[in-house]
Each structure stands twice: as C-alpha cells, then as structure tokens.
>>> print(open('data.txt').read())   # compact mmCIF, C-alpha atoms and all ligand atoms
# COMPACT_ATOMS: atom_id res chain seq x y z
CA MET A 22 17.87 -14.95 -12.49
CA ASN A 23 18.37 -14.14 -16.14
CA ASN A 24 17.17 -10.89 -17.55
CA ASN A 25 13.86 -12.18 -18.77
CA ASN A 26 12.74 -13.25 -15.31
CA LEU A 27 10.34 -11.00 -13.51
CA THR A 28 10.11 -10.61 -9.73
CA ILE A 29 6.84 -9.27 -8.34
CA ALA A 30 6.54 -7.96 -4.76
CA MET A 31 3.10 -8.87 -3.42
CA PRO A 32 1.72 -7.39 -0.18
CA LYS A 33 0.70 -10.18 2.17
CA GLY A 34 -2.90 -9.81 3.35
CA ARG A 35 -6.13 -8.30 2.12
CA ILE A 36 -4.77 -6.49 -0.93
CA MET A 37 -3.05 -9.62 -2.18
CA GLU A 38 -6.33 -11.56 -2.15
CA GLU A 39 -7.97 -8.93 -4.34
CA ALA A 40 -4.89 -8.65 -6.56
CA ILE A 41 -4.95 -12.40 -7.14
CA GLU A 42 -8.56 -12.17 -8.32
CA ILE A 43 -7.69 -9.63 -11.02
CA TRP A 44 -4.49 -11.54 -11.89
CA ILE A 45 -6.66 -14.59 -12.59
CA LYS A 46 -9.20 -12.52 -14.57
CA ALA A 47 -6.34 -11.11 -16.64
CA GLY A 48 -5.04 -14.62 -17.38
CA LEU A 49 -1.76 -13.93 -15.57
CA PRO A 50 -0.03 -16.81 -13.74
CA VAL A 51 -0.77 -17.23 -10.04
CA PRO A 52 1.11 -19.68 -7.78
CA GLU A 53 -0.77 -22.78 -6.61
CA ASP A 54 -1.27 -23.59 -2.92
CA LEU A 55 -0.66 -20.01 -1.82
CA ASP A 56 -2.90 -20.46 1.21
CA GLU A 57 -0.96 -23.40 2.55
CA THR A 58 2.57 -22.13 2.13
CA ARG A 59 4.69 -20.11 4.51
CA LYS A 60 7.33 -19.58 1.86
CA LEU A 61 8.24 -15.99 1.20
CA ILE A 62 9.57 -16.54 -2.31
CA ILE A 63 7.50 -18.49 -4.79
CA ASN A 64 9.09 -19.45 -8.07
CA MET A 65 7.02 -20.11 -11.15
CA LYS A 66 9.87 -21.25 -13.34
CA HIS A 67 7.63 -22.31 -16.24
CA VAL A 68 6.59 -18.67 -16.73
CA GLN A 69 9.90 -17.09 -15.62
CA THR A 70 8.19 -15.27 -12.78
CA ARG A 71 8.63 -15.23 -9.04
CA TRP A 72 6.58 -13.62 -6.32
CA ILE A 73 8.03 -12.31 -3.11
CA LEU A 74 5.53 -12.01 -0.29
CA ALA A 75 6.31 -8.84 1.62
CA LYS A 76 4.82 -6.66 4.33
CA PRO A 77 2.82 -4.00 2.46
CA MET A 78 4.92 -1.13 3.86
CA ASP A 79 8.09 -2.80 2.50
CA VAL A 80 6.90 -3.31 -1.09
CA PRO A 81 8.17 0.10 -2.38
CA THR A 82 11.53 -0.58 -0.72
CA TYR A 83 12.02 -3.88 -2.58
CA VAL A 84 10.97 -2.20 -5.81
CA GLU A 85 13.15 0.91 -5.40
CA TYR A 86 16.21 -1.26 -4.74
CA GLY A 87 15.39 -3.42 -7.76
CA VAL A 88 15.18 -6.75 -5.92
CA ALA A 89 11.61 -6.77 -7.18
CA ASP A 90 10.91 -5.46 -10.69
CA ILE A 91 7.31 -4.56 -9.99
CA GLY A 92 5.04 -4.48 -6.97
CA ILE A 93 1.45 -4.18 -5.84
CA VAL A 94 0.79 -1.64 -3.15
CA GLY A 95 -1.72 0.87 -1.76
CA LYS A 96 -1.39 4.54 -2.67
CA ASP A 97 -1.17 5.24 1.09
CA VAL A 98 2.01 3.18 1.31
CA ILE A 99 3.46 4.85 -1.81
CA MET A 100 2.81 8.27 -0.25
CA GLU A 101 4.25 7.30 3.14
CA SER A 102 7.32 5.48 1.84
CA GLU A 103 8.41 8.32 -0.47
CA ARG A 104 10.37 5.77 -2.51
CA ASP A 105 11.58 6.48 -6.05
CA VAL A 106 9.42 4.12 -8.08
CA TYR A 107 7.24 4.44 -11.15
CA GLU A 108 3.52 4.21 -10.57
CA LEU A 109 2.18 2.41 -13.64
CA LEU A 110 -1.44 1.53 -13.12
CA ASP A 111 -4.36 2.13 -10.77
CA LEU A 112 -5.70 -1.36 -10.11
CA LYS A 113 -8.79 0.22 -8.53
CA ILE A 114 -8.94 -2.44 -5.81
CA SER A 115 -9.23 -1.97 -2.03
CA PRO A 116 -10.68 1.54 -2.31
CA CYS A 117 -10.59 3.56 0.91
CA ARG A 118 -9.47 7.00 2.03
CA LEU A 119 -6.89 8.58 4.24
CA SER A 120 -8.66 10.78 6.74
CA VAL A 121 -8.35 12.78 9.89
CA ALA A 122 -10.66 11.53 12.64
CA GLY A 123 -11.31 12.39 16.24
CA ILE A 124 -13.79 12.48 19.11
CA PRO A 125 -16.88 14.50 18.13
CA GLY A 126 -16.85 18.02 19.59
CA ALA A 127 -13.55 17.56 21.37
CA SER A 128 -10.99 20.37 21.37
CA SER A 129 -7.34 20.00 22.24
CA LYS A 130 -6.17 21.13 25.65
CA ASP A 131 -2.61 21.48 24.32
CA SER A 132 -1.44 24.40 22.22
CA VAL A 133 0.10 21.85 19.85
CA PRO A 134 -2.46 19.08 19.20
CA LYS A 135 -1.25 15.49 19.11
CA ILE A 136 -2.05 13.31 16.11
CA ALA A 137 -1.53 9.54 16.21
CA SER A 138 -0.84 7.76 12.94
CA LYS A 139 0.66 4.79 11.15
CA TYR A 140 1.51 7.37 8.49
CA PRO A 141 3.74 9.93 10.22
CA LYS A 142 5.18 11.42 7.01
CA ILE A 143 1.76 11.87 5.40
CA ALA A 144 0.37 13.40 8.60
CA GLU A 145 3.31 15.78 9.02
CA LYS A 146 3.12 16.89 5.36
CA TYR A 147 -0.65 17.38 5.55
CA TYR A 148 -0.49 19.65 8.59
CA ARG A 149 2.63 21.46 7.33
CA GLU A 150 0.81 22.33 4.10
CA GLN A 151 -2.11 23.61 6.16
CA GLY A 152 0.25 25.75 8.23
CA LYS A 153 -0.87 23.97 11.39
CA GLN A 154 1.55 22.87 14.05
CA VAL A 155 0.91 19.38 15.44
CA GLU A 156 2.90 16.69 17.18
CA VAL A 157 2.68 13.44 15.24
CA ILE A 158 2.92 10.27 17.33
CA GLN A 159 3.68 7.12 15.35
CA LEU A 160 1.68 3.99 16.12
CA HIS A 161 1.77 0.69 14.25
CA GLY A 162 -1.90 -0.29 14.27
CA SER A 163 -5.18 0.06 16.19
CA VAL A 164 -4.58 3.79 15.83
CA GLU A 165 -8.18 4.54 16.88
CA LEU A 166 -7.08 3.81 20.45
CA GLY A 167 -5.07 7.06 20.46
CA PRO A 168 -7.87 9.57 21.09
CA ILE A 169 -9.98 7.14 23.12
CA ILE A 170 -7.38 6.57 25.78
CA GLY A 171 -6.06 10.12 25.73
CA LEU A 172 -2.77 9.65 23.91
CA ALA A 173 -3.75 11.92 21.04
CA ASP A 174 -6.35 14.50 20.03
CA GLY A 175 -6.91 12.98 16.61
CA ILE A 176 -5.72 10.37 14.15
CA VAL A 177 -4.67 10.21 10.52
CA ASP A 178 -5.68 6.78 9.28
CA ILE A 179 -7.35 4.69 6.61
CA VAL A 180 -11.14 4.69 6.58
CA SER A 181 -12.79 1.98 4.52
CA THR A 182 -16.31 1.10 5.69
CA GLY A 183 -16.11 3.54 8.62
CA ARG A 184 -17.01 0.73 11.02
CA THR A 185 -13.87 0.95 13.15
CA LEU A 186 -14.41 4.68 13.72
CA LYS A 187 -18.11 4.22 14.50
CA GLU A 188 -17.63 1.35 16.91
CA ASN A 189 -15.01 3.35 18.77
CA GLY A 190 -17.01 6.58 19.00
CA LEU A 191 -14.89 8.56 16.54
CA ILE A 192 -15.92 10.62 13.51
CA GLU A 193 -14.21 11.44 10.25
CA LEU A 194 -13.29 15.14 10.21
CA GLU A 195 -11.31 15.73 7.00
CA THR A 196 -10.38 13.63 3.97
CA ILE A 197 -6.73 13.79 3.00
CA ALA A 198 -6.71 11.57 -0.10
CA PRO A 199 -8.67 8.82 -1.84
CA ILE A 200 -6.69 5.57 -1.89
CA THR A 201 -6.62 2.57 -4.22
CA THR A 202 -4.07 -0.13 -5.00
CA ARG A 203 -1.39 0.60 -7.60
CA LEU A 204 1.09 -1.30 -9.77
CA ILE A 205 4.59 0.12 -9.30
CA ALA A 206 7.88 -0.60 -11.07
CA ASN A 207 11.58 -0.23 -10.51
CA GLN A 208 12.87 2.51 -12.80
CA VAL A 209 15.62 0.39 -14.40
CA SER A 210 13.43 -2.73 -14.72
CA TYR A 211 10.82 -0.61 -16.44
CA ARG A 212 13.30 0.01 -19.27
CA MET A 213 15.19 -3.30 -19.26
CA LYS A 214 12.13 -5.54 -18.92
CA GLN A 215 9.64 -3.39 -20.75
CA ASP A 216 8.23 -6.27 -22.83
CA ARG A 217 7.37 -8.31 -19.76
CA ILE A 218 6.00 -5.34 -17.83
CA LYS A 219 4.02 -4.08 -20.83
CA GLU A 220 2.45 -7.51 -21.22
CA ILE A 221 1.22 -7.37 -17.63
CA ILE A 222 -0.20 -3.86 -18.10
CA ASP A 223 -1.90 -4.87 -21.37
CA ARG A 224 -3.50 -7.91 -19.75
CA LEU A 225 -4.59 -6.07 -16.60
CA SER A 226 -5.96 -2.91 -18.24
CA PRO A 227 -9.11 -4.44 -19.79
CA VAL A 228 -10.16 -6.17 -16.55
CA LEU A 229 -9.89 -3.20 -14.22
C1 LIG B 301 -7.33 -0.39 8.94
C2 LIG B 301 -7.34 1.07 9.35
C3 LIG B 301 -8.53 1.17 10.25
C4 LIG B 301 -9.49 0.18 9.62
C5 LIG B 301 -10.49 0.90 8.78
O1 LIG B 301 -6.75 -1.12 9.95
O2 LIG B 301 -6.12 1.42 9.98
O3 LIG B 301 -8.22 0.83 11.56
O4 LIG B 301 -8.71 -0.70 8.78
O5 LIG B 301 -11.44 0.03 8.19
P1 LIG B 301 -12.99 0.28 8.35
O6 LIG B 301 -13.26 1.73 8.02
O7 LIG B 301 -13.61 -0.63 7.33
O8 LIG B 301 -13.39 -0.07 9.73
P2 LIG B 301 -6.27 -2.63 9.80
O9 LIG B 301 -7.43 -3.54 9.77
O10 LIG B 301 -5.36 -2.73 8.62
O11 LIG B 301 -5.49 -2.91 11.15
P3 LIG B 301 -4.53 -2.01 12.04
O12 LIG B 301 -5.38 -0.99 12.72
O13 LIG B 301 -3.93 -2.95 13.02
O14 LIG B 301 -3.51 -1.41 11.13
>>> encode(input="data.txt", output="structure tokens", more="lines below")
Ligand code: PRP
Amino acid sequence: MNNNNLTIAMPKGRIMEEAIEIWIKAGLPVPEDLDETRKLIINMKHVQTRWILAKPMDVPTYVEYGVADIGIVGKDVIMESERDVYELLDLKISPCRLSVAGIPGASSKDSVPKIASKYPKIAEKYYREQGKQVEVIQLHGSVELGPIIGLADGIVDIVSTGRTLKENGLIELETIAPITTRLIANQVSYRMKQDRIKEIIDRLSPVL
C-alpha cells in the first residue's frame, strides 16, 4: 500500500452497523455487499481505502501496531486494552455504561468478594482506586451468569437497556463510566496521513 492509502479497522457486529450509518451520512465510502461477504479485508481501490473487519477487542491492537491507520471502537475497549493510540472523535453511537451489578440485597460470604467481568483490567483498576480488595474472575460473555450461579458476588459489565440485568434478577449498583464509540488513530499515521484522517474527521463532525 502506498502512503496515501488508508486502512480502517472496523469492529464486526453492532457498532459497525451504526458506524456505517454515519459513514453514509458523512458521504464517506462504504464497501458494497458487506452483508454477504466473509472476507476480512475489503479493498476500495478507487478511493484508496481498505477496511479490516476485526473483533472489537482487537481494534486498538491493530491500530497501535499501525497495521490499521484508524479504527472504530467503544470507549470500554479503549479503557480495557490500554493501547497507545490517539482518541480523535466521540462518534456518540452505541451509548451505554460500564457498571457494577449484583443480586439485590446480597452480601458476600467471602472476605474478598469475587467480581466476574469481560473487563478484568477496568474492574481491577476501579476497585484498586476505591481501596477495595476483590478477586476479579475473567469471563468472555454472558457475564450475568456469574452471580446467578454462584461463581461471583457481582459483575462489572456493559449496561445498555438494562434488560439483561432485569431478566436475570440483577440490579445496577454503581456506574463506573459512560461509554460511546470513538474514532482512534495510530500515532504515526496521524502525522503521516493527516490529510486523509482530517478529511474523515471534517466529514464526520457535522453529522454526529
Ligand atoms: C452486552 C453486555 C450485557 C448486555 C447489556 O452483552 O455484556 O450482557 O449486552 O445490554 P442490555 O442492557 O441492553 O441488556 P453482549 O450482547 O455483547 O453479549 P455477551 O454477554 O456475550 O458479551
């Protein structure tokens, strides 16, 4: 790829669908037939752009290493990944929050409560800053199961509509951080490809 090409890391799934909507509103190029393809790299040669379709948690990794110049990713993933990337823009899509939740009225029988989470670093930092000792147990999804089946006393997880908590008999206890989707950039690309990246920011900003 020559230096004027831009590689964008897109998170496969819900966020990407919303990102595509604002990409279209902003008049930015979007690949055709995205729904039908299983390709992981999509070249749009006519506009010197390619998309790589990544797992959301891996987007900051591709961007930090510079194999993607920019990326679209939730603030939760930025916080958890602790990667060295520039955060350029709040796209204000997929709003939700990172919260602590648990069984109403329950108290831990252990001296060190157990917290299940897909976000072990965020959970550890949160409790460390509060001066509370907890044991964080990493899960990879359906985290709400943790307290219900007795693996953990509480969870640190994303709450969006609150439906998953409600339907599983859990309540939100504390809010850690509000979350939206962000545009991130590799630090070198941000300097070397500033015209291309600035054009994307300028087109996106008025439609957010
Ligand atoms: C996320 C999150 C909660 C749920 C919250 O899970 O981890 O489980 O969504 O949404 P709600 O408040 O609108 O119910 P996701 O659907 O990504 O699946 P996962 O649990 O397998 O990670």
>>> atom_distance(input="data.txt", atom1="atom CA of Val155 of chain A", atom2="atom CA of Ser138 of chain A")
12.0 Å
>>> atom_distance(input="data.txt", atom1="atom CA of Lys76 of chain A", atom2="atom CA of Ile192 of chain A")
28.5 Å
>>> residues_near_ligand(input="data.txt", ligand="ligand LIG 301 (chain B)", cutoff="12 Å", atoms="only C-alpha atoms and all ligand atoms", output="CSV table (one decimal) with C-alpha atoms, in the frame of the given file")
chain,number,residue,atom,x,y,z
A,33,LYS,CA,0.7,-10.2,2.2
A,34,GLY,CA,-2.9,-9.8,3.4
A,35,ARG,CA,-6.1,-8.3,2.1
A,36,ILE,CA,-4.8,-6.5,-0.9
A,76,LYS,CA,4.8,-6.7,4.3
A,77,PRO,CA,2.8,-4.0,2.5
A,78,MET,CA,4.9,-1.1,3.9
A,95,GLY,CA,-1.7,0.9,-1.8
A,97,ASP,CA,-1.2,5.2,1.1
A,98,VAL,CA,2.0,3.2,1.3
A,115,SER,CA,-9.2,-2.0,-2.0
A,116,PRO,CA,-10.7,1.5,-2.3
A,117,CYS,CA,-10.6,3.6,0.9
A,118,ARG,CA,-9.5,7.0,2.0
A,119,LEU,CA,-6.9,8.6,4.2
A,120,SER,CA,-8.7,10.8,6.7
A,121,VAL,CA,-8.4,12.8,9.9
A,122,ALA,CA,-10.7,11.5,12.6
A,137,ALA,CA,-1.5,9.5,16.2
A,138,SER,CA,-0.8,7.8,12.9
A,139,LYS,CA,0.7,4.8,11.2
A,140,TYR,CA,1.5,7.4,8.5
A,159,GLN,CA,3.7,7.1,15.4
A,160,LEU,CA,1.7,4.0,16.1
A,161,HIS,CA,1.8,0.7,14.2
A,162,GLY,CA,-1.9,-0.3,14.3
A,163,SER,CA,-5.2,0.1,16.2
A,164,VAL,CA,-4.6,3.8,15.8
A,165,GLU,CA,-8.2,4.5,16.9
A,166,LEU,CA,-7.1,3.8,20.4
A,167,GLY,CA,-5.1,7.1,20.5
A,176,ILE,CA,-5.7,10.4,14.2
A,177,VAL,CA,-4.7,10.2,10.5
A,178,ASP,CA,-5.7,6.8,9.3
A,179,ILE,CA,-7.4,4.7,6.6
A,180,VAL,CA,-11.1,4.7,6.6
A,181,SER,CA,-12.8,2.0,4.5
A,182,THR,CA,-16.3,1.1,5.7
A,183,GLY,CA,-16.1,3.5,8.6
A,184,ARG,CA,-17.0,0.7,11.0
A,185,THR,CA,-13.9,1.0,13.2
A,186,LEU,CA,-14.4,4.7,13.7
A,187,LYS,CA,-18.1,4.2,14.5
A,188,GLU,CA,-17.6,1.4,16.9
A,189,ASN,CA,-15.0,3.4,18.8
A,190,GLY,CA,-17.0,6.6,19.0
A,191,LEU,CA,-14.9,8.6,16.5
A,192,ILE,CA,-15.9,10.6,13.5
A,193,GLU,CA,-14.2,11.4,10.2
>>> closest_residue(input="data.txt", among="A:Gly48, A:Pro199, A:Pro134, A:Pro168", to="Lys96 of chain A", atoms="only C-alpha atoms")
A:Pro199
>>> atom_distance(input="data.txt", atom1="atom CA of Thr202 of chain A", atom2="atom CA of Glu108 of chain A")
10.4 Å
>>> axis_aligned_box(input="data.txt", around="segment 187-199 of chain A", padding_each_side="6 Å", output="JSON")
{"center_x": -12.4, "center_y": 8.5, "center_z": 8.6, "size_x": 23.4, "size_y": 26.4, "size_z": 32.8}
>>> closest_residue(input="data.txt", among="A:Lys214, A:Arg224, A:Arg203, A:Lys135", to="Lys113 of chain A", atoms="all atoms listed in the file")
A:Arg203
>>> closest_residue(input="data.txt", among="A:Leu109, A:Ile169, A:Ile114, A:Ile205", to="Glu42 of chain A", atoms="all atoms listed in the file")
A:Ile114
